[in-house]
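Here's model_19.cif, which has mmCIF, C-alpha atoms:
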```
data_target
loop_
_atom_site.group_PDB
_atom_site.id
_atom_site.type_symbol
_atom_site.label_atom_id
_atom_site.label_comp_id
_atom_site.auth_asym_id
_atom_site.auth_seq_id
_atom_site.Cartn_x
_atom_site.Cartn_y
_atom_site.Cartn_z
ATOM 1 C CA MET A 1 0.000 0.000 0.000
ATOM 2 C CA ARG A 2 2.865 2.393 0.769
ATOM 3 C CA ILE A 3 4.279 2.096 -2.755
ATOM 4 C CA ALA A 4 0.827 2.492 -4.323
ATOM 5 C CA GLU A 5 0.221 5.655 -2.297
ATOM 6 C CA ALA A 6 3.653 6.979 -3.286
ATOM 7 C CA ILE A 7 2.839 6.523 -6.975
ATOM 8 C CA MET A 8 -0.484 8.313 -6.509
ATOM 9 C CA GLY A 9 1.363 11.120 -4.747
ATOM 10 C CA TYR A 10 3.802 11.389 -7.649
ATOM 11 C CA PHE A 11 0.954 12.001 -10.084
ATOM 12 C CA ALA A 12 -0.443 14.658 -7.756
ATOM 13 C CA SER A 13 2.829 16.506 -7.141
ATOM 14 C CA GLN A 14 4.055 16.734 -10.745
ATOM 15 C CA SER A 15 2.687 18.874 -13.582
ATOM 16 C CA PHE A 16 0.643 16.130 -15.204
ATOM 17 C CA ARG A 17 -2.248 17.178 -17.418
ATOM 18 C CA TYR A 18 -5.251 15.393 -18.865
ATOM 19 C CA THR A 19 -5.673 15.393 -22.646
ATOM 20 C CA LEU A 20 -7.311 13.255 -25.314
ATOM 21 C CA SER A 21 -4.615 14.270 -27.817
ATOM 22 C CA PRO A 22 -1.217 13.398 -26.289
ATOM 23 C CA ASN A 23 1.946 13.359 -28.339
ATOM 24 C CA PRO A 24 2.905 9.960 -29.810
ATOM 25 C CA MET A 25 5.163 7.919 -27.510
ATOM 26 C CA PRO A 26 6.432 5.063 -29.714
ATOM 27 C CA SER A 27 9.617 4.340 -27.741
ATOM 28 C CA ASN A 28 9.659 3.526 -24.013
ATOM 29 C CA PRO A 29 6.084 4.802 -23.651
ATOM 30 C CA VAL A 30 5.846 4.384 -19.877
ATOM 31 C CA ASP A 31 9.104 6.242 -19.127
ATOM 32 C CA THR A 32 8.255 8.894 -21.708
ATOM 33 C CA PHE A 33 4.839 9.460 -20.179
ATOM 34 C CA LEU A 34 6.046 9.515 -16.559
ATOM 35 C CA PHE A 35 9.130 11.696 -16.930
ATOM 36 C CA ASP A 36 8.946 13.603 -20.236
ATOM 37 C CA GLU A 37 5.478 14.185 -21.679
ATOM 38 C CA GLN A 38 3.408 13.930 -18.469
ATOM 39 C CA ALA A 39 0.250 14.311 -20.564
ATOM 40 C CA GLY A 40 -2.347 11.726 -21.502
ATOM 41 C CA PHE A 41 -5.721 10.202 -20.696
ATOM 42 C CA CYS A 42 -6.857 7.545 -18.230
ATOM 43 C CA ALA A 43 -5.230 4.583 -20.008
ATOM 44 C CA HIS A 44 -1.823 6.300 -19.792
ATOM 45 C CA TYR A 45 -2.155 6.940 -16.053
ATOM 46 C CA ALA A 46 -3.513 3.486 -15.214
ATOM 47 C CA GLY A 47 -1.063 1.663 -17.493
ATOM 48 C CA ALA A 48 1.936 3.517 -16.062
ATOM 49 C CA MET A 49 0.868 2.830 -12.459
ATOM 50 C CA ALA A 50 0.265 -0.883 -13.117
ATOM 51 C CA PHE A 51 3.674 -1.146 -14.806
ATOM 52 C CA ALA A 52 5.432 0.560 -11.869
ATOM 53 C CA LEU A 53 3.738 -1.670 -9.302
ATOM 54 C CA ARG A 54 4.614 -4.834 -11.191
ATOM 55 C CA ALA A 55 8.197 -3.631 -11.485
ATOM 56 C CA ALA A 56 8.169 -3.523 -7.672
ATOM 57 C CA ASP A 57 6.848 -7.134 -7.577
ATOM 58 C CA ILE A 58 3.405 -5.998 -6.438
ATOM 59 C CA PRO A 59 0.485 -7.748 -8.204
ATOM 60 C CA ALA A 60 -1.531 -5.152 -10.101
ATOM 61 C CA ARG A 61 -4.013 -5.173 -12.945
ATOM 62 C CA LEU A 62 -5.450 -2.545 -15.252
ATOM 63 C CA VAL A 63 -9.258 -2.452 -15.242
ATOM 64 C CA ALA A 64 -11.283 -0.962 -18.098
ATOM 65 C CA GLY A 65 -14.894 0.060 -17.712
ATOM 66 C CA TYR A 66 -17.053 3.165 -17.679
ATOM 67 C CA HIS A 67 -17.301 6.184 -15.412
ATOM 68 C CA GLY A 68 -20.104 8.673 -15.918
ATOM 69 C CA GLY A 69 -23.215 8.473 -18.040
ATOM 70 C CA GLU A 70 -26.470 10.376 -18.235
ATOM 71 C CA SER A 71 -29.691 9.587 -16.431
ATOM 72 C CA LEU A 72 -32.565 9.360 -18.919
ATOM 73 C CA GLU A 73 -35.264 8.379 -16.421
ATOM 74 C CA ASP A 74 -35.619 6.374 -13.197
ATOM 75 C CA ASN A 75 -33.289 3.346 -13.223
ATOM 76 C CA VAL A 76 -32.100 4.149 -16.774
ATOM 77 C CA LEU A 77 -28.530 5.350 -17.308
ATOM 78 C CA GLN A 78 -27.149 5.945 -20.800
ATOM 79 C CA ILE A 79 -23.455 5.123 -21.198
ATOM 80 C CA ARG A 80 -21.526 6.385 -24.216
ATOM 81 C CA GLN A 81 -18.157 5.478 -25.631
ATOM 82 C CA TYR A 82 -16.491 8.605 -24.285
ATOM 83 C CA ASP A 83 -17.553 7.555 -20.756
ATOM 84 C CA ALA A 84 -14.991 4.738 -21.020
ATOM 85 C CA HIS A 85 -12.411 4.836 -18.224
ATOM 86 C CA ALA A 86 -9.441 2.867 -16.893
ATOM 87 C CA TRP A 87 -8.077 2.424 -13.383
ATOM 88 C CA VAL A 88 -5.841 0.072 -11.381
ATOM 89 C CA GLU A 89 -6.477 -2.681 -8.850
ATOM 90 C CA VAL A 90 -3.662 -3.686 -6.480
ATOM 91 C CA LEU A 91 -3.524 -6.945 -4.528
ATOM 92 C CA ILE A 92 -3.078 -5.962 -0.866
ATOM 93 C CA ASP A 93 -3.554 -8.539 1.894
ATOM 94 C CA ASN A 94 -5.211 -10.875 -0.615
ATOM 95 C CA LYS A 95 -7.786 -8.246 -1.555
ATOM 96 C CA TRP A 96 -7.956 -6.218 -4.758
ATOM 97 C CA VAL A 97 -7.896 -2.536 -3.820
ATOM 98 C CA ARG A 98 -8.902 0.088 -6.372
ATOM 99 C CA TYR A 99 -6.705 3.097 -7.208
ATOM 100 C CA ASP A 100 -7.528 5.723 -9.840
ATOM 101 C CA PRO A 101 -4.358 7.667 -10.731
ATOM 102 C CA THR A 102 -6.254 9.859 -13.208
ATOM 103 C CA SER A 103 -7.987 11.499 -10.245
ATOM 104 C CA MET A 104 -4.631 12.853 -9.040
ATOM 105 C CA ALA A 105 -4.015 14.852 -12.235
ATOM 106 C CA ALA A 106 -7.622 15.632 -13.178
ATOM 107 C CA PRO A 107 -9.990 15.257 -10.205
ATOM 108 C CA SER A 108 -12.886 16.734 -12.181
ATOM 109 C CA ARG A 109 -12.736 13.714 -14.546
ATOM 110 C CA ILE A 110 -14.046 11.661 -11.628
ATOM 111 C CA THR A 111 -16.289 14.184 -9.888
ATOM 112 C CA ARG A 112 -17.802 16.032 -12.866
ATOM 113 C CA GLY A 113 -17.106 13.942 -15.971
ATOM 114 C CA LEU A 114 -14.970 14.051 -19.107
ATOM 115 C CA GLU A 115 -16.333 17.329 -20.501
ATOM 116 C CA GLN A 116 -15.403 19.327 -17.374
ATOM 117 C CA ALA A 117 -11.964 17.711 -17.116
ATOM 118 C CA LEU A 118 -11.179 18.761 -20.685
ATOM 119 C CA LEU A 119 -12.446 22.307 -20.064
ATOM 120 C CA ASP A 120 -10.151 22.573 -17.033
ATOM 121 C CA PHE A 121 -7.201 21.915 -19.346
ATOM 122 C CA GLY A 122 -8.410 24.110 -22.201
ATOM 123 C CA GLU A 123 -9.785 21.361 -24.447
ATOM 124 C CA THR A 124 -13.147 20.061 -25.618
ATOM 125 C CA ARG A 125 -14.238 16.623 -26.775
ATOM 126 C CA GLU A 126 -15.223 17.981 -30.209
ATOM 127 C CA GLN A 127 -12.528 19.414 -32.466
ATOM 128 C CA GLY A 128 -12.554 21.589 -35.604
ATOM 129 C CA PHE A 129 -15.592 23.604 -36.721
ATOM 130 C CA LEU A 130 -17.927 21.449 -34.582
ATOM 131 C CA ARG A 131 -16.125 22.415 -31.389
ATOM 132 C CA ASP A 132 -18.229 25.477 -30.497
ATOM 133 C CA PHE A 133 -21.311 24.426 -32.442
ATOM 134 C CA THR A 134 -22.001 21.268 -30.433
ATOM 135 C CA GLN A 135 -21.921 23.220 -27.163
ATOM 136 C CA SER A 136 -24.864 25.462 -28.105
ATOM 137 C CA GLY A 137 -27.997 25.300 -25.996
ATOM 138 C CA LEU A 138 -30.174 24.242 -28.931
ATOM 139 C CA ILE A 139 -27.912 21.372 -29.949
ATOM 140 C CA THR A 140 -27.622 20.216 -26.336
ATOM 141 C CA GLU A 141 -31.409 20.077 -26.087
ATOM 142 C CA LEU A 142 -31.662 18.329 -29.445
ATOM 143 C CA GLN A 143 -29.100 15.722 -28.417
ATOM 144 C CA THR A 144 -31.010 15.078 -25.187
ATOM 145 C CA TRP A 145 -34.251 14.631 -27.132
ATOM 146 C CA LEU A 146 -32.591 12.256 -29.589
ATOM 147 C CA ARG A 147 -31.153 10.158 -26.753
ATOM 148 C CA HIS A 148 -34.602 9.798 -25.224
ATOM 149 C CA LEU A 149 -36.017 8.968 -28.643
ATOM 150 C CA ASP A 150 -33.358 6.307 -29.180
ATOM 151 C CA TYR A 151 -34.070 4.768 -25.779
ATOM 152 C CA SER A 152 -37.820 4.768 -26.364
ATOM 153 C CA TRP A 153 -37.356 3.174 -29.789
ATOM 154 C CA SER A 154 -35.153 0.437 -28.308
ATOM 155 C CA LYS A 155 -37.561 -0.176 -25.430
ATOM 156 C CA TRP A 156 -40.907 -0.044 -27.183
ATOM 157 C CA VAL A 157 -40.011 -1.253 -30.705
ATOM 158 C CA LEU A 158 -36.734 -3.175 -30.935
ATOM 159 C CA GLY A 159 -37.294 -4.809 -27.564
ATOM 160 C CA PHE A 160 -40.667 -6.220 -28.568
ATOM 161 C CA ASP A 161 -41.440 -9.210 -30.747
ATOM 162 C CA ALA A 162 -43.010 -8.902 -34.190
ATOM 163 C CA ASN A 163 -46.600 -8.978 -32.884
ATOM 164 C CA SER A 164 -45.930 -6.272 -30.297
ATOM 165 C CA GLN A 165 -44.282 -4.047 -32.894
ATOM 166 C CA ARG A 166 -47.237 -4.473 -35.212
ATOM 167 C CA ASP A 167 -49.645 -3.582 -32.387
ATOM 168 C CA ILE A 168 -47.803 -0.309 -31.775
ATOM 169 C CA PHE A 169 -47.901 0.705 -35.442
ATOM 170 C CA GLU A 170 -51.580 -0.187 -35.671
ATOM 171 C CA GLU A 171 -52.311 1.896 -32.586
ATOM 172 C CA LEU A 172 -50.550 4.864 -34.184
ATOM 173 C CA LEU A 173 -51.689 4.431 -37.805
ATOM 174 C CA GLY A 174 -54.793 2.315 -37.579
ATOM 175 C CA ASP A 175 -55.165 -0.626 -39.958
ATOM 176 C CA LEU A 176 -51.847 -0.961 -41.773
ATOM 177 C CA ASN A 177 -51.634 -0.748 -45.541
ATOM 178 C CA THR A 178 -48.946 0.052 -48.104
ATOM 179 C CA THR A 179 -49.857 3.737 -48.308
ATOM 180 C CA LYS A 180 -49.682 4.322 -44.534
ATOM 181 C CA ILE A 181 -46.369 2.489 -44.225
ATOM 182 C CA THR A 182 -44.906 4.502 -47.125
ATOM 183 C CA VAL A 183 -46.054 7.797 -45.575
ATOM 184 C CA ALA A 184 -44.625 6.815 -42.179
ATOM 185 C CA PHE A 185 -41.186 5.980 -43.586
ATOM 186 C CA LEU A 186 -41.097 9.106 -45.768
ATOM 187 C CA SER A 187 -41.989 11.221 -42.728
ATOM 188 C CA ALA A 188 -39.197 9.602 -40.727
ATOM 189 C CA PHE A 189 -36.753 10.222 -43.589
ATOM 190 C CA LEU A 190 -37.743 13.909 -43.793
ATOM 191 C CA LEU A 191 -37.439 14.266 -40.013
ATOM 192 C CA VAL A 192 -33.909 12.842 -40.020
ATOM 193 C CA GLY A 193 -32.986 15.136 -42.918
ATOM 194 C CA PHE A 194 -34.335 18.159 -41.045
ATOM 195 C CA ILE A 195 -32.381 17.228 -37.899
ATOM 196 C CA LEU A 196 -29.155 16.838 -39.912
ATOM 197 C CA LEU A 197 -29.782 20.240 -41.523
ATOM 198 C CA LEU A 198 -30.116 21.821 -38.087
ATOM 199 C CA TYR A 199 -26.995 20.024 -36.881
ATOM 200 C CA PHE A 200 -24.696 21.168 -39.689
ATOM 201 C CA PHE A 201 -26.165 24.605 -40.396
ATOM 202 C CA PRO A 202 -23.968 27.209 -38.645
ATOM 203 C CA PHE A 203 -25.525 29.803 -36.359
ATOM 204 C CA LYS A 204 -24.418 31.872 -33.398
ATOM 205 C CA HIS A 205 -25.109 30.748 -29.881
ATOM 206 C CA THR A 206 -24.487 31.922 -26.360
ATOM 207 C CA SER A 207 -22.216 30.012 -24.036
ATOM 208 C CA ASN A 208 -23.935 27.907 -21.376
ATOM 209 C CA GLN A 209 -20.901 27.973 -19.091
ATOM 210 C CA PRO A 210 -21.291 29.643 -15.666
ATOM 211 C CA GLN A 211 -20.341 33.312 -15.651
ATOM 212 C CA TYR A 212 -17.572 32.800 -13.097
ATOM 213 C CA HIS A 213 -15.968 30.196 -15.382
ATOM 214 C CA ARG A 214 -16.079 32.591 -18.343
ATOM 215 C CA TYR A 215 -14.386 35.299 -16.272
ATOM 216 C CA TYR A 216 -11.713 32.803 -15.236
ATOM 217 C CA LEU A 217 -10.998 31.924 -18.864
ATOM 218 C CA LYS A 218 -10.903 35.647 -19.718
ATOM 219 C CA THR A 219 -8.325 36.062 -16.949
ATOM 220 C CA LEU A 220 -6.084 33.386 -18.460
ATOM 221 C CA LYS A 221 -6.462 34.977 -21.902
ATOM 222 C CA LEU A 222 -5.531 38.358 -20.431
ATOM 223 C CA LEU A 223 -2.356 36.843 -18.950
ATOM 224 C CA GLU A 224 -1.460 35.328 -22.334
ATOM 225 C CA GLN A 225 -1.762 38.754 -23.963
ATOM 226 C CA LYS A 226 0.271 40.445 -21.226
ATOM 227 C CA THR A 227 3.139 37.936 -21.049
ATOM 228 C CA GLY A 228 3.130 36.694 -24.660
ATOM 229 C CA ILE A 229 3.324 33.126 -23.322
ATOM 230 C CA LYS A 230 0.665 30.774 -24.679
ATOM 231 C CA ARG A 231 -1.157 28.531 -22.223
ATOM 232 C CA ASN A 232 -1.740 25.739 -24.759
ATOM 233 C CA ASN A 233 -3.117 22.716 -22.865
ATOM 234 C CA GLN A 234 -1.574 23.414 -19.478
ATOM 235 C CA SER A 235 -3.748 23.392 -16.384
ATOM 236 C CA PRO A 236 -4.473 26.898 -15.005
ATOM 237 C CA LEU A 237 -2.250 26.259 -11.973
ATOM 238 C CA ALA A 238 0.700 25.038 -14.047
ATOM 239 C CA TYR A 239 0.328 27.967 -16.461
ATOM 240 C CA THR A 240 0.226 30.642 -13.766
ATOM 241 C CA GLN A 241 3.288 29.107 -12.134
ATOM 242 C CA GLN A 242 5.129 29.282 -15.472
ATOM 243 C CA ILE A 243 4.382 32.981 -16.071
ATOM 244 C CA ALA A 244 4.877 34.075 -12.440
ATOM 245 C CA PRO A 245 8.508 35.267 -13.017
ATOM 246 C CA HIS A 246 7.218 37.657 -15.698
ATOM 247 C CA LEU A 247 4.775 39.428 -13.357
ATOM 248 C CA ASN A 248 5.144 41.805 -10.433
ATOM 249 C CA ASN A 249 4.411 40.838 -6.819
ATOM 250 C CA GLU A 250 0.989 42.507 -6.756
ATOM 251 C CA THR A 251 -0.169 40.674 -9.868
ATOM 252 C CA ARG A 252 1.137 37.318 -8.602
ATOM 253 C CA THR A 253 -0.773 37.810 -5.340
ATOM 254 C CA ILE A 254 -3.999 38.591 -7.204
ATOM 255 C CA ILE A 255 -3.587 35.513 -9.433
ATOM 256 C CA ASN A 256 -2.920 33.223 -6.456
ATOM 257 C CA GLU A 257 -6.033 34.518 -4.692
ATOM 258 C CA LEU A 258 -8.079 34.125 -7.868
ATOM 259 C CA ASN A 259 -6.879 30.516 -8.385
ATOM 260 C CA THR A 260 -7.696 29.625 -4.778
ATOM 261 C CA TYR A 261 -11.164 31.155 -5.021
ATOM 262 C CA TYR A 262 -11.938 29.422 -8.337
ATOM 263 C CA MET A 263 -10.926 26.002 -6.973
ATOM 264 C CA LYS A 264 -13.142 26.571 -3.937
ATOM 265 C CA VAL A 265 -16.130 27.432 -6.148
ATOM 266 C CA VAL A 266 -15.644 24.514 -8.564
ATOM 267 C CA TYR A 267 -14.544 21.666 -6.310
ATOM 268 C CA GLN A 268 -16.032 22.497 -2.916
ATOM 269 C CA GLY A 269 -19.305 23.978 -4.121
ATOM 270 C CA ALA A 270 -19.623 25.983 -0.929
ATOM 271 C CA ILE A 271 -20.218 29.350 -2.637
ATOM 272 C CA ASP A 272 -23.473 30.466 -4.217
ATOM 273 C CA GLU A 273 -23.148 30.830 -8.000
ATOM 274 C CA THR A 274 -24.469 34.408 -8.004
ATOM 275 C CA VAL A 275 -21.898 35.419 -5.383
ATOM 276 C CA ALA A 276 -19.162 33.567 -7.271
ATOM 277 C CA ASN A 277 -20.077 35.363 -10.521
ATOM 278 C CA GLU A 278 -19.828 38.788 -8.894
ATOM 279 C CA ASN A 279 -16.586 38.045 -7.010
ATOM 280 C CA MET A 280 -14.852 36.614 -10.094
ATOM 281 C CA LYS A 281 -15.926 39.691 -12.046
ATOM 282 C CA VAL A 282 -14.402 41.990 -9.405
ATOM 283 C CA GLN A 283 -11.167 39.980 -9.251
ATOM 284 C CA TYR A 284 -10.925 40.004 -13.050
ATOM 285 C CA LYS A 285 -11.238 43.790 -13.117
ATOM 286 C CA THR A 286 -8.677 44.098 -10.299
ATOM 287 C CA LEU A 287 -6.195 41.971 -12.235
ATOM 288 C CA LYS A 288 -6.822 43.933 -15.414
ATOM 289 C CA HIS A 289 -6.143 47.201 -13.572
ATOM 290 C CA SER A 290 -2.961 45.726 -12.064
ATOM 291 C CA LEU A 291 -1.664 44.644 -15.461
ATOM 292 C CA ASN A 292 -2.336 48.073 -16.938
#
```

Show me the file's structure as structure tokens.
Amino acid sequence: MRIAEAIMGYFASQSFRYTLSPNPMPSNPVDTFLFDEQAGFCAHYAGAMAFALRAADIPARLVAGYHGGESLEDNVLQIRQYDAHAWVEVLIDNKWVRYDPTSMAAPSRITRGLEQALLDFGETREQGFLRDFTQSGLITELQTWLRHLDYSWSKWVLGFDANSQRDIFEELLGDLNTTKITVAFLSAFLLVGFILLLYFFPFKHTSNQPQYHRYYLKTLKLLEQKTGIKRNNQSPLAYTQQIAPHLNNETRTIINELNTYYMKVVYQGAIDETVANENMKVQYKTLKHSLN
């Protein structure tokens, strides 16, 4: 257990970051990940920890499964491919004990899901021109509706036998005939075409992120402009530590206070969102004045 805890502590104390797009590591991937790149997703963290434990003659295994999902209704949880996750189990006193090294580098991946973990490190699951589009309120609502539709179809149509399926169609359309079936399938085809048109047609949307989070991102962007040092995919804490030598004492103090306050709002949840919005706005303006 002592060695397992030490490995977990190593992930927590170093500047590891969570990303779905790590650099290729074709040679010595474990060493490269642990000591050079220090960037990857759950399989990198779990694989490296299992390798290190086995190197110390401690039985360990990598476990793949899912973490997350979305509740559609009572006792129904929808799991998607991007909810896939990996962790480690260590044999201690003849019992398999679970360790999740990803939680040391990206705790929000465990507490709030993949989307939030990526946002914390300046990424999103979608890339390219779909990146902002898929985060719009309308598309989010449409995706939710489609997921419920897919579940209902699987439950009430695909999950029934032929007679049950026919009963449903007859209840909706009356006595079945060729004309009614043709109209039903054409209507479904037009509906799918309309949904695809909405999905790919570009339009402006407002962000659905909390206001305090938007002010925090504006703060990081302001620091990039002031220092000329790009954040890229670094965590906010790692980035502010990097640029600290380029700022005066007053500005460093403001940034440290802002980081501490943001972490308290996001991870402890002890501050009302309205209060958090106003305080982050004030701290943003204070930092802006300090930089000017």

Tell me, counting all atoms listed in the file, for each residue of stretch 182-270 of chain A within 10 Å of stretch 85-109 of chain A, which pair of atoms is nearest and how far apart they are in Å to one decimal, in rows ordered by chain and increasing number, as JSON lines.
```
{"residue": "A:Ser235", "atom": "CA", "partner": "A:Ala106", "partner_atom": "CA", "distance": 9.2}
{"residue": "A:Val266", "atom": "CA", "partner": "A:Ser108", "partner_atom": "CA", "distance": 9.0}
{"residue": "A:Tyr267", "atom": "CA", "partner": "A:Ser108", "partner_atom": "CA", "distance": 7.8}
```

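Between atom CA of A:Leu223 and atom CA of A:Pro236 the interatomic distance comes to 10.9 Å.
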
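When the PyMOL selection byres ((chain A and resi 227) around 10) is evaluated on the file shown here, the picked residues come out as Leu222, Leu223, Glu224, Gln225, Lys226, Gly228, Ile229, Lys230, Ile243, Ala244, His246, Leu247 and Leu291 of chain A.
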
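In this comparison, which uses only C-alpha atoms, the residue of A:His44, A:Lys180, A:Arg54, A:His148 approaching A:Glu70 most closely is A:His148.
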
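With all atoms listed in the file as the basis for measurement, A:Ala4 is the residue among A:Ala4, A:Ile255, A:Gly193, A:Arg80 that approaches A:Ile58 most closely.
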
Handout entry: Protein and nucleic acid residues near (-19.5, 34.7, -9.7) (cut-off 12 Å, all atoms listed in the file) as a ChimeraX atom specification
Key = /A:209-216,258,261-262,264-266,271-284

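Atom CA of A:Leu146 lies 13.7 Å from atom CA of A:Ser71.
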
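Atom CA of A:Tyr10 sits 10.2 Å away from atom CA of A:Met49.
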